[in-house]
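Reviewing the structure listed below.
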Amino acid sequence: MAEPIRVVIVDDHSIFRSGLRSDLDDSIAVAGEASDVPSAIPVIARERPEVVLLDVHLPGGSGADATGGEEVIRGSASVPTRFLALSVSDAAEDVVRVIRAGARGYITKGSSGIEVSDAVHAVAGGDAVFSPRLAGFVLDAFGAVAGETAAAPDELDRLSAREQEVMRLIARGYSYKEVAAELYISIKTVETHVSAVLRKLQLSSRHELTAWASERRLL
C-alpha cells in the first residue's frame with residue numbers, strides 16, 4: 001500500500017481544522033496544524049509535508065500583506081512542499097494574489113471532503129487545481145498575454161464543437177452534474193463526451209486534461 005500523503009492544515013478556526021481532518025480520506029495523513037502566520041512557518045519547516053492546506057486569510061502577518069496566506073508561502077520557500085489554498089473567498093483578487101505567491105491550487109471551503117482529498121492528490125502529483133469558475137481568474141492574470149495563441153489547430157480538430165465545450169468545463173474543475181446543467185445535456189452524455197475527449201487527446205484523467213488545457217491557454 002502506498003504511503004499516505006502528509007499534509008499540514010493552516011487555518012485560524014479550530015472547528016474547521018478538526019472537521020477537515022476527519023473528512024480527509026485515509027490516503028492522507030495530517031502531520032500538523034497551525035492557526036496563524038507565526039506558527040505556520042515553523043510547523044511547515046519541521047514537518048516538511050507534501051501539501052499544505054492553507055487558508056488565504058490568516059492573522060499574524062508582519063508585512064503589508066493583509067491576507068497572511070501569501071506570507072506563509074513566501075516564508076516557507078526553502079521547504080519542498082506544495083500549497084493548496086482553501087478559502088471561503090472566491091474573489092478574483094484573493095485567487096490571483098495567492099497563486100502569484102506560489103500556491104498550486106485554490107478551492108473553496110464549500111468543497112466536500114472527497115473533493116479536497118482529490119485536490120490534495122492532484123497537487124501532490126504536480127497538477128494545478130481550482131474550484132469551478134476560479135480558473136478564469138488565473139488565466140486572465142497569467143495567461144492571456146497579447147499575441148499568444150492557443151493550442152495547435154490539429155489538436156483541437158480532433159474534437160467536435162460539443163466535445164470542446166465539455167473539455168473546457170471539465171478542465172476548469174466543473175463536476176459532470178455542473179457540466180450537464182451548463183450545457184443542458186444529460187450526465188450520461190457528459191460522461192460519453194469526456195471519454196471521447198480523453199481518448200482522442202490520449203490523456204488518462206481529468207487532472208491531465210486540466211494541465212493539457214492550461215498549457216494551451218484553453219480554459
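Numbering starts fresh at 1 for the residues of each chain in the C-alpha cells, the chains themselves are lettered A, B, ... in the order given, and ligands are numbered from 1 as they appear.
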With only C-alpha atoms as the counted atoms, please give the residues lying no more than 10 Å from stretch 186-202 of chain A, apart from itself and same-chain residues fewer than 6 positions off, as a tab-separated table (two decimals) with C-alpha atoms, in the first residue's frame.
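Okay, this is what ended up in around-v4.tsv:
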chain	number	residue	atom	x	y	z
A	155	GLU	CA	-5.15	19.01	-31.65
A	156	LEU	CA	-8.49	20.81	-31.38
A	158	ARG	CA	-9.75	16.04	-33.17
A	159	LEU	CA	-12.66	17.23	-31.01
A	160	SER	CA	-16.18	18.13	-32.07
A	162	ARG	CA	-19.56	19.91	-28.21
A	163	GLU	CA	-16.54	17.93	-27.05
A	164	GLN	CA	-14.54	21.18	-26.91
A	165	GLU	CA	-17.23	22.77	-24.74
A	166	VAL	CA	-17.24	19.81	-22.38
A	167	MET	CA	-13.43	19.70	-22.34
A	170	ILE	CA	-14.20	19.72	-17.11
A	175	SER	CA	-18.35	18.28	-11.99
A	176	TYR	CA	-20.23	16.14	-14.50
A	177	LYS	CA	-23.51	17.37	-12.97
A	178	GLU	CA	-22.45	21.02	-13.35
A	179	VAL	CA	-21.41	20.47	-16.97
A	180	ALA	CA	-24.73	18.82	-17.70
A	208	GLU	CA	-4.12	15.54	-17.11
A	209	LEU	CA	-6.84	17.24	-19.14
A	212	TRP	CA	-3.21	19.96	-21.13
| Per DSSP on the backbone, what are the strand (DSSP E) residues of stretch 11-202 of chain A, as a list in words? |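 Answer for stretch 11-202 of chain A, restricted to strand (DSSP E): Ile28, Ala29, Val30, Ala31, Gly32, Glu33, Ala34, Val51, Val52, Leu53, Leu54, Arg82, Phe83, Leu84, Ala85, Leu86, Ser87, Gly105, Tyr106, Ile107, Thr108, Val129 and Phe130 of chain A.
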Export of the given selection (N, CA, C and O atoms) as a short mmCIF file (atom, residue, chain, number, x, y, z; two decimals), in the first residue's frame:
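Writing done, so here's part24.cif:
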data_model
loop_
_atom_site.label_atom_id
_atom_site.label_comp_id
_atom_site.auth_asym_id
_atom_site.auth_seq_id
_atom_site.Cartn_x
_atom_site.Cartn_y
_atom_site.Cartn_z
N ILE A 28 -4.59 10.22 3.17
CA ILE A 28 -3.97 11.49 3.56
C ILE A 28 -3.77 11.51 5.07
O ILE A 28 -4.69 11.20 5.84
N ALA A 29 -2.57 11.86 5.50
CA ALA A 29 -2.24 11.92 6.93
C ALA A 29 -1.95 13.36 7.31
O ALA A 29 -1.13 14.03 6.67
N VAL A 30 -2.62 13.86 8.34
CA VAL A 30 -2.38 15.22 8.83
C VAL A 30 -1.18 15.19 9.76
O VAL A 30 -1.22 14.62 10.84
N ALA A 31 -0.09 15.83 9.32
CA ALA A 31 1.16 15.82 10.08
C ALA A 31 1.24 16.97 11.08
O ALA A 31 2.05 16.93 12.01
N GLY A 32 0.44 18.00 10.89
CA GLY A 32 0.48 19.14 11.79
C GLY A 32 -0.59 20.16 11.45
O GLY A 32 -1.22 20.08 10.40
N GLU A 33 -0.78 21.10 12.38
CA GLU A 33 -1.75 22.16 12.20
C GLU A 33 -1.16 23.47 12.70
O GLU A 33 -0.25 23.48 13.52
N ALA A 34 -1.71 24.57 12.20
CA ALA A 34 -1.32 25.90 12.66
C ALA A 34 -2.50 26.83 12.48
O ALA A 34 -3.36 26.61 11.62
N VAL A 51 1.95 18.53 1.02
CA VAL A 51 0.96 19.55 0.68
C VAL A 51 0.57 20.32 1.94
O VAL A 51 0.42 19.71 3.01
N VAL A 52 0.41 21.63 1.80
CA VAL A 52 -0.13 22.47 2.88
C VAL A 52 -1.51 22.96 2.44
O VAL A 52 -1.66 23.56 1.37
N LEU A 53 -2.52 22.65 3.25
CA LEU A 53 -3.86 23.18 3.03
C LEU A 53 -3.93 24.51 3.75
O LEU A 53 -3.92 24.57 4.98
N LEU A 54 -3.99 25.59 2.99
CA LEU A 54 -3.74 26.93 3.52
C LEU A 54 -4.93 27.85 3.36
O LEU A 54 -5.38 28.12 2.25
N ARG A 82 4.05 21.79 -1.55
CA ARG A 82 3.12 22.47 -2.45
C ARG A 82 1.96 23.00 -1.63
O ARG A 82 1.52 22.35 -0.68
N PHE A 83 1.46 24.15 -2.01
CA PHE A 83 0.38 24.81 -1.27
C PHE A 83 -0.93 24.75 -2.04
O PHE A 83 -0.98 25.07 -3.23
N LEU A 84 -1.98 24.34 -1.32
CA LEU A 84 -3.34 24.32 -1.87
C LEU A 84 -4.17 25.27 -1.03
O LEU A 84 -4.42 25.02 0.15
N ALA A 85 -4.56 26.41 -1.61
CA ALA A 85 -5.36 27.39 -0.88
C ALA A 85 -6.78 26.85 -0.70
O ALA A 85 -7.37 26.28 -1.62
N LEU A 86 -7.30 27.05 0.51
CA LEU A 86 -8.63 26.56 0.86
C LEU A 86 -9.32 27.70 1.61
O LEU A 86 -8.96 28.00 2.74
N SER A 87 -10.28 28.36 0.95
CA SER A 87 -10.81 29.60 1.50
C SER A 87 -12.30 29.72 1.27
O SER A 87 -12.86 29.11 0.36
N GLY A 105 -2.90 25.60 -6.25
CA GLY A 105 -4.33 25.45 -6.49
C GLY A 105 -5.13 26.28 -5.52
O GLY A 105 -4.58 26.83 -4.55
N TYR A 106 -6.42 26.37 -5.78
CA TYR A 106 -7.30 27.20 -4.94
C TYR A 106 -8.69 26.59 -5.01
O TYR A 106 -9.30 26.54 -6.08
N ILE A 107 -9.20 26.12 -3.88
CA ILE A 107 -10.56 25.60 -3.83
C ILE A 107 -11.29 26.27 -2.67
O ILE A 107 -10.67 26.77 -1.74
N THR A 108 -12.60 26.29 -2.76
CA THR A 108 -13.38 26.96 -1.73
C THR A 108 -13.77 25.98 -0.62
O THR A 108 -13.77 24.76 -0.80
N VAL A 129 -5.01 22.82 -9.40
CA VAL A 129 -6.41 22.51 -9.16
C VAL A 129 -7.15 23.78 -8.74
O VAL A 129 -6.67 24.53 -7.88
N PHE A 130 -8.31 23.99 -9.35
CA PHE A 130 -9.12 25.15 -9.00
C PHE A 130 -10.58 24.75 -8.91
O PHE A 130 -11.04 23.90 -9.66
#
| query | If you run DSSP on this backbone, which residues of stretch 12-59 of chain A come out as alpha helix (DSSP H), and could you give them as a PyMOL selection string? | reply | chain A and resi 14-23+37-47
| said: Taking only C-alpha atoms into account, name the residue in A:Asp127, A:Leu20, A:Ala161, A:Ala171 that is nearest to A:Gly110. | reply: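 Closest residue, counting only C-alpha atoms: A:Leu20.
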| field | Minimum-distance residue to A:Gly173, chosen among A:Ser62, A:Ser204, A:Thr210, A:Ser89 (using only C-alpha atoms) | value |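 Of the candidates, the smallest distance to A:Gly173 is held by A:Thr210.
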| atom CA of A:Tyr174 to atom CA of A:Gly19, distance in Å rounded to a single decimal |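 Separating atom CA of A:Tyr174 from atom CA of A:Gly19 is a distance of 24.0 Å.
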| note | From the list A:Val120, A:Val72, A:Ile185, A:Ile114, the nearest residue to A:Ser22 using only C-alpha atoms is A:Ile114
